[in-house]
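Coordinates as given in my_file-v2.cif (mmCIF, C-alpha atoms, pLDDT in the B column; chains and numbers go by the auth columns):
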data_entry
loop_
_atom_site.group_PDB
_atom_site.id
_atom_site.type_symbol
_atom_site.label_atom_id
_atom_site.label_comp_id
_atom_site.label_asym_id
_atom_site.label_seq_id
_atom_site.Cartn_x
_atom_site.Cartn_y
_atom_site.Cartn_z
_atom_site.B_iso_or_equiv
_atom_site.auth_seq_id
_atom_site.auth_asym_id
ATOM 1 C CA MET A 1 -10.355 -52.287 5.805 46.00 1 A
ATOM 2 C CA HIS A 2 -12.341 -53.149 8.945 44.00 2 A
ATOM 3 C CA SER A 3 -9.517 -51.910 11.213 43.00 3 A
ATOM 4 C CA ILE A 4 -9.397 -48.539 9.355 44.00 4 A
ATOM 5 C CA PHE A 5 -13.145 -48.117 9.883 38.00 5 A
ATOM 6 C CA LEU A 6 -12.813 -49.015 13.583 37.00 6 A
ATOM 7 C CA LEU A 7 -9.904 -46.567 13.998 37.00 7 A
ATOM 8 C CA ALA A 8 -11.905 -43.785 12.299 40.00 8 A
ATOM 9 C CA LEU A 9 -14.909 -44.536 14.519 37.00 9 A
ATOM 10 C CA LEU A 10 -12.769 -44.399 17.683 37.00 10 A
ATOM 11 C CA ALA A 11 -11.204 -41.104 16.557 39.00 11 A
ATOM 12 C CA ALA A 12 -14.648 -39.613 15.893 39.00 12 A
ATOM 13 C CA CYS A 13 -15.849 -40.706 19.343 38.00 13 A
ATOM 14 C CA ALA A 14 -12.777 -39.176 20.982 36.00 14 A
ATOM 15 C CA LEU A 15 -13.298 -35.894 19.123 37.00 15 A
ATOM 16 C CA ALA A 16 -16.947 -35.816 20.198 36.00 16 A
ATOM 17 C CA GLU A 17 -15.765 -35.799 23.842 37.00 17 A
ATOM 18 C CA VAL A 18 -13.587 -32.699 23.349 33.00 18 A
ATOM 19 C CA GLN A 19 -15.117 -29.447 24.602 44.00 19 A
ATOM 20 C CA PRO A 20 -14.681 -26.318 22.469 54.00 20 A
ATOM 21 C CA GLN A 21 -11.698 -24.257 23.576 63.00 21 A
ATOM 22 C CA HIS A 22 -13.328 -20.858 23.003 85.00 22 A
ATOM 23 C CA TYR A 23 -10.173 -19.178 21.692 93.00 23 A
ATOM 24 C CA SER A 24 -10.286 -16.183 19.383 95.00 24 A
ATOM 25 C CA PHE A 25 -7.963 -13.489 18.047 95.00 25 A
ATOM 26 C CA SER A 26 -8.568 -9.784 17.495 96.00 26 A
ATOM 27 C CA PRO A 27 -6.251 -8.749 14.633 96.00 27 A
ATOM 28 C CA SER A 28 -3.655 -6.061 15.228 96.00 28 A
ATOM 29 C CA VAL A 29 -4.406 -2.385 14.662 97.00 29 A
ATOM 30 C CA GLY A 30 -1.834 0.364 14.056 95.00 30 A
ATOM 31 C CA SER A 31 0.926 0.948 11.524 94.00 31 A
ATOM 32 C CA GLY A 32 2.773 -2.197 12.516 91.00 32 A
ATOM 33 C CA SER A 33 6.279 -0.856 11.998 94.00 33 A
ATOM 34 C CA GLY A 34 9.192 -2.040 14.122 96.00 34 A
ATOM 35 C CA SER A 35 9.874 -5.231 16.036 97.00 35 A
ATOM 36 C CA SER A 36 7.218 -7.762 16.962 97.00 36 A
ATOM 37 C CA TYR A 37 6.285 -8.477 20.586 97.00 37 A
ATOM 38 C CA SER A 38 4.112 -10.910 22.484 97.00 38 A
ATOM 39 C CA ILE A 39 3.371 -10.793 26.210 97.00 39 A
ATOM 40 C CA THR A 40 2.364 -14.207 27.543 96.00 40 A
ATOM 41 C CA GLY A 41 2.384 -15.957 30.902 95.00 41 A
ATOM 42 C CA GLU A 42 0.977 -18.807 32.966 93.00 42 A
ATOM 43 C CA GLY A 43 -2.498 -18.640 34.494 93.00 43 A
ATOM 44 C CA ARG A 44 -4.725 -15.599 34.705 96.00 44 A
ATOM 45 C CA ILE A 45 -3.822 -11.978 34.135 98.00 45 A
ATOM 46 C CA THR A 46 -3.892 -10.263 37.535 98.00 46 A
ATOM 47 C CA ALA A 47 -2.627 -6.753 36.706 98.00 47 A
ATOM 48 C CA ILE A 48 -1.481 -4.529 33.858 98.00 48 A
ATOM 49 C CA ARG A 49 0.764 -1.489 33.470 98.00 49 A
ATOM 50 C CA VAL A 50 0.622 0.914 30.543 98.00 50 A
ATOM 51 C CA TRP A 51 3.103 3.749 29.942 97.00 51 A
ATOM 52 C CA GLU A 52 1.700 6.797 28.161 95.00 52 A
ATOM 53 C CA ALA A 53 3.682 9.726 26.815 85.00 53 A
ATOM 54 C CA TYR A 54 2.226 12.784 28.512 79.00 54 A
ATOM 55 C CA ASN A 55 -1.357 12.239 27.345 65.00 55 A
ATOM 56 C CA ASN A 56 -0.122 11.389 23.856 85.00 56 A
ATOM 57 C CA PHE A 57 0.604 7.825 22.700 93.00 57 A
ATOM 58 C CA ILE A 58 1.369 4.458 24.324 97.00 58 A
ATOM 59 C CA TYR A 59 5.033 3.725 25.017 97.00 59 A
ATOM 60 C CA GLY A 60 4.930 0.376 26.824 97.00 60 A
ATOM 61 C CA PHE A 61 3.027 -2.538 28.337 98.00 61 A
ATOM 62 C CA GLN A 62 3.651 -4.957 31.181 98.00 62 A
ATOM 63 C CA ILE A 63 1.280 -7.725 32.314 98.00 63 A
ATOM 64 C CA ARG A 64 1.262 -9.685 35.571 98.00 64 A
ATOM 65 C CA TYR A 65 0.217 -13.346 35.499 98.00 65 A
ATOM 66 C CA GLY A 66 -0.473 -14.568 39.036 97.00 66 A
ATOM 67 C CA PHE A 67 2.358 -12.923 40.983 97.00 67 A
ATOM 68 C CA VAL A 68 4.869 -12.743 38.110 97.00 68 A
ATOM 69 C CA TRP A 69 5.346 -9.601 35.996 98.00 69 A
ATOM 70 C CA SER A 70 6.248 -10.027 32.328 98.00 70 A
ATOM 71 C CA PRO A 71 9.187 -8.159 30.818 97.00 71 A
ATOM 72 C CA ILE A 72 8.277 -4.639 29.685 97.00 72 A
ATOM 73 C CA VAL A 73 7.419 -4.273 25.999 97.00 73 A
ATOM 74 C CA GLY A 74 8.371 -0.866 24.620 96.00 74 A
ATOM 75 C CA SER A 75 9.690 1.463 27.297 94.00 75 A
ATOM 76 C CA LYS A 76 8.905 3.106 30.616 93.00 76 A
ATOM 77 C CA SER A 77 8.767 6.571 29.015 91.00 77 A
ATOM 78 C CA GLY A 78 6.088 8.869 30.362 89.00 78 A
ATOM 79 C CA GLU A 79 3.590 8.086 33.097 88.00 79 A
ATOM 80 C CA ALA A 80 2.727 4.531 34.198 95.00 80 A
ATOM 81 C CA LYS A 81 -0.946 3.651 34.679 97.00 81 A
ATOM 82 C CA GLU A 82 -1.602 0.433 36.605 98.00 82 A
ATOM 83 C CA MET A 83 -4.676 -1.666 37.330 98.00 83 A
ATOM 84 C CA GLU A 84 -4.767 -4.654 39.660 98.00 84 A
ATOM 85 C CA LEU A 85 -7.632 -7.094 39.157 98.00 85 A
ATOM 86 C CA PHE A 86 -9.844 -8.536 41.886 98.00 86 A
ATOM 87 C CA ASP A 87 -10.335 -12.299 42.331 96.00 87 A
ATOM 88 C CA GLY A 88 -12.466 -13.548 39.440 95.00 88 A
ATOM 89 C CA GLU A 89 -12.045 -10.330 37.470 98.00 89 A
ATOM 90 C CA ALA A 90 -10.716 -10.465 33.901 98.00 90 A
ATOM 91 C CA PHE A 91 -10.178 -8.186 30.917 98.00 91 A
ATOM 92 C CA VAL A 92 -12.967 -8.704 28.374 98.00 92 A
ATOM 93 C CA GLN A 93 -12.451 -5.721 26.050 98.00 93 A
ATOM 94 C CA ILE A 94 -9.657 -3.554 24.669 98.00 94 A
ATOM 95 C CA SER A 95 -10.592 -0.401 22.819 98.00 95 A
ATOM 96 C CA GLY A 96 -8.843 2.804 21.899 98.00 96 A
ATOM 97 C CA LYS A 97 -7.445 4.890 19.072 97.00 97 A
ATOM 98 C CA TYR A 98 -4.500 4.511 16.702 97.00 98 A
ATOM 99 C CA ALA A 99 -2.639 6.376 13.983 94.00 99 A
ATOM 100 C CA HIS A 100 1.026 5.548 13.310 93.00 100 A
ATOM 101 C CA TYR A 101 1.327 4.683 17.015 96.00 101 A
ATOM 102 C CA VAL A 102 -1.318 3.316 19.353 97.00 102 A
ATOM 103 C CA GLN A 103 -2.634 6.650 20.637 97.00 103 A
ATOM 104 C CA SER A 104 -4.815 5.343 23.490 96.00 104 A
ATOM 105 C CA VAL A 105 -6.025 2.111 25.053 98.00 105 A
ATOM 106 C CA VAL A 106 -8.892 1.248 27.366 98.00 106 A
ATOM 107 C CA PHE A 107 -8.715 -2.151 29.093 98.00 107 A
ATOM 108 C CA THR A 108 -12.193 -3.037 30.444 98.00 108 A
ATOM 109 C CA THR A 109 -13.012 -5.864 32.875 98.00 109 A
ATOM 110 C CA ASN A 110 -15.989 -8.145 33.346 98.00 110 A
ATOM 111 C CA ARG A 111 -16.851 -5.983 36.400 98.00 111 A
ATOM 112 C CA GLY A 112 -17.093 -2.801 34.343 97.00 112 A
ATOM 113 C CA ARG A 113 -13.847 -1.278 35.581 98.00 113 A
ATOM 114 C CA SER A 114 -11.462 0.312 33.072 98.00 114 A
ATOM 115 C CA LEU A 115 -7.877 1.452 32.737 98.00 115 A
ATOM 116 C CA LEU A 116 -7.507 4.357 30.294 96.00 116 A
ATOM 117 C CA ALA A 117 -4.149 5.550 28.980 96.00 117 A
ATOM 118 C CA GLY A 118 -3.096 7.862 26.159 95.00 118 A
ATOM 119 C CA GLN A 119 -4.810 10.523 24.084 92.00 119 A
ATOM 120 C CA PRO A 120 -8.005 9.511 22.232 90.00 120 A
ATOM 121 C CA THR A 121 -7.149 10.767 18.730 93.00 121 A
ATOM 122 C CA GLY A 122 -7.014 8.815 15.474 95.00 122 A
ATOM 123 C CA HIS A 123 -8.898 5.764 14.218 97.00 123 A
ATOM 124 C CA SER A 124 -11.070 3.831 16.698 98.00 124 A
ATOM 125 C CA PHE A 125 -10.723 0.135 17.494 98.00 125 A
ATOM 126 C CA ASN A 126 -12.660 -2.257 19.700 98.00 126 A
ATOM 127 C CA MET A 127 -11.517 -5.791 20.565 98.00 127 A
ATOM 128 C CA TYR A 128 -13.416 -8.451 22.492 97.00 128 A
ATOM 129 C CA PRO A 129 -13.602 -12.259 22.621 97.00 129 A
ATOM 130 C CA ALA A 130 -15.818 -14.265 20.290 95.00 130 A
ATOM 131 C CA HIS A 131 -17.085 -16.367 23.234 93.00 131 A
ATOM 132 C CA MET A 132 -18.766 -15.077 26.404 91.00 132 A
ATOM 133 C CA GLN A 133 -16.663 -17.297 28.729 92.00 133 A
ATOM 134 C CA ALA A 134 -13.333 -16.105 27.274 96.00 134 A
ATOM 135 C CA GLU A 135 -11.021 -13.424 28.657 97.00 135 A
ATOM 136 C CA LEU A 136 -7.795 -11.723 27.597 98.00 136 A
ATOM 137 C CA ARG A 137 -4.930 -14.251 27.618 97.00 137 A
ATOM 138 C CA PHE A 138 -2.164 -12.217 25.972 97.00 138 A
ATOM 139 C CA ILE A 139 -1.394 -9.326 23.653 98.00 139 A
ATOM 140 C CA SER A 140 0.909 -9.053 20.668 98.00 140 A
ATOM 141 C CA GLY A 141 1.876 -6.450 18.111 98.00 141 A
ATOM 142 C CA ARG A 142 4.819 -4.288 17.074 98.00 142 A
ATOM 143 C CA VAL A 143 6.952 -1.623 18.713 97.00 143 A
ATOM 144 C CA HIS A 144 9.241 1.068 17.250 96.00 144 A
ATOM 145 C CA GLY A 145 10.168 3.498 20.025 91.00 145 A
ATOM 146 C CA ALA A 146 6.539 3.356 21.149 95.00 146 A
ATOM 147 C CA ILE A 147 3.782 0.809 20.496 97.00 147 A
ATOM 148 C CA THR A 148 2.905 0.816 16.774 97.00 148 A
ATOM 149 C CA SER A 149 0.313 -1.995 16.891 98.00 149 A
ATOM 150 C CA ILE A 150 -1.667 -4.177 19.296 98.00 150 A
ATOM 151 C CA GLY A 151 -3.652 -7.391 18.854 98.00 151 A
ATOM 152 C CA ALA A 152 -5.560 -9.389 21.473 98.00 152 A
ATOM 153 C CA HIS A 153 -5.719 -13.139 22.091 97.00 153 A
ATOM 154 C CA TRP A 154 -8.726 -14.448 24.020 97.00 154 A
ATOM 155 C CA GLY A 155 -9.400 -17.792 25.686 96.00 155 A
ATOM 156 C CA VAL A 156 -10.831 -19.649 28.636 91.00 156 A
ATOM 157 C CA VAL A 157 -8.526 -20.118 31.625 83.00 157 A
ATOM 158 C CA ASP A 158 -8.648 -23.601 33.142 74.00 158 A
ATOM 159 C CA SER A 159 -9.976 -22.929 36.660 65.00 159 A
ATOM 160 C CA SER A 160 -8.435 -26.195 37.923 57.00 160 A
ATOM 161 C CA ASP A 161 -4.960 -24.843 37.059 48.00 161 A
ATOM 162 C CA SER A 162 -3.304 -23.874 40.346 41.00 162 A
ATOM 163 C CA THR A 163 -1.218 -21.201 38.599 44.00 163 A
ATOM 164 C CA SER A 164 -4.391 -19.323 37.747 39.00 164 A
ATOM 165 C CA GLU A 165 -5.145 -18.555 41.381 41.00 165 A
ATOM 166 C CA HIS A 166 -4.220 -15.170 42.838 40.00 166 A
#

Take the structure in this file and express it as structure tokens.
Amino acid sequence: MHSIFLLALLAACALAEVQPQHYSFSPSVGSGSGSSYSITGEGRITAIRVWEAYNNFIYGFQIRYGFVWSPIVGSKSGEAKEMELFDGEAFVQISGKYAHYVQSVVFTTNRGRSLLAGQPTGHSFNMYPAHMQAELRFISGRVHGAITSIGAHWGVVDSSDSTSEH
């Protein structure tokens, strides 16, 4: 009995040393039809590409982590919009409009810069982290010809991680 109490006390002390991770999730918006996707990578996001269909809806996404581009989700149909981030810059908000497809997206950084793609018609959405220190880590959702839904995953990037450097 004494050893169980000691083990519980040690576990409680260890848990008290753990810092909060500051992760949060913004649930997906859109119709959600089609195949699921998730764009993830190592380290910080350093750039993003968004394909829009002639000022209509969003066809595809691609995210760069460090110097490595993710595979394209959706397709390269339409015009590509691209934003490269500065050192220390991060995405802290995703907003836009949706109907059956994601009609438009606005990726906004902690420096107030934005990438806008698509046509702003439909229902509005606004995604941001639950914690001030967090930034966009990855996106997920569904795709059926074009992007039918998007969700955002937020967290703190470990600054001691060498892969997070530009």

Worksheet item: Which of these, A:Gln103, A:Asn56, A:Ser24, A:Gln62, has the shortest distance to Gly74 in chain A once you count only C-alpha atoms?
Response: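 Looking only at the distances to Gly74 in chain A, the closest residue turns out to be A:Gln62.
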
Item to complete: Would you kindly return, as a PyMOL selection string, each protein, DNA or RNA residue with an atom no farther than 6 Å from any atom of range 136-148 of chain A, considering all atoms listed in the file and excluding same-chain residues fewer than 3 positions away?
Response: chain A and resi 30-32+34-40+58-59+74+91+101-102+151-154

8 Å per side around range 66-83 of chain A: axis-aligned box centre and edge lengths, as lines of an AutoDock Vina configuration file:
center_x = 2.5
center_y = -2.8
center_z = 32.8
size_x = 30.4
size_y = 39.4
size_z = 32.4

Worksheet item: Using only C-alpha atoms, can you list as a PyMOL selection string the residues within 8 Å of (-10.4, 7.1, 16.8)?
Response: chain A and resi 96-98+120-125

Worksheet item: Restricting the calculation to only C-alpha atoms, which member of A:Arg44, A:Arg64, A:Arg111, A:His100 is positioned closest to Glu84 in chain A?
Response: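 So, comparing all the options, the nearest one is A:Arg64.
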
Practice prompt. Using all atoms listed in the file, determine which residues lie at most 12 Å from Gly155 in chain A, disregarding the query and same-chain residues fewer than 6 positions distant; provide the list as a VMD selection string.
Written response: chain A and resid 20 to 26 43 to 45 90 to 92 128 to 139

Discussion item. Using Å and a single decimal, report how far CA of Phe57 in chain A sits from CA of Ser104 in chain A.
Written reply: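 Those two atoms sit 6.0 Å apart.
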
Item to complete: Rank A:Ile63, A:Ile150, A:Val157, A:Leu115 by their smallest atom-to-atom distance to Ser28 in chain A, using all atoms listed in the file, and report the top residue only.
Response: A:Ile150

Worksheet entry | Nearest to Met83 in chain A by atom-to-atom distance, counting all atoms listed in the file, from A:Val50, A:Ala99, A:Val105, A:Met127 | A:Val50

Worksheet entry | CA of Ile72 in chain A to CA of Ala47 in chain A, straight-line distance in Å |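 Interatomic distance here is 13.1 Å.
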
Worksheet item: Please, what distance in Å, to one decimal, runs between CA of Thr46 in chain A and CA of Asn126 in chain A?
Response: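 CA of Asn126 in chain A lies at a distance of 21.4 Å from CA of Thr46 in chain A.
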
Worksheet entry | Which residue of A:Glu79, A:Ser95, A:Pro27, A:Gly88 approaches Asn110 in chain A most closely, using only C-alpha atoms |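 Of A:Glu79, A:Ser95, A:Pro27, A:Gly88, the one nearest Asn110 in chain A is A:Gly88, counting only C-alpha atoms.
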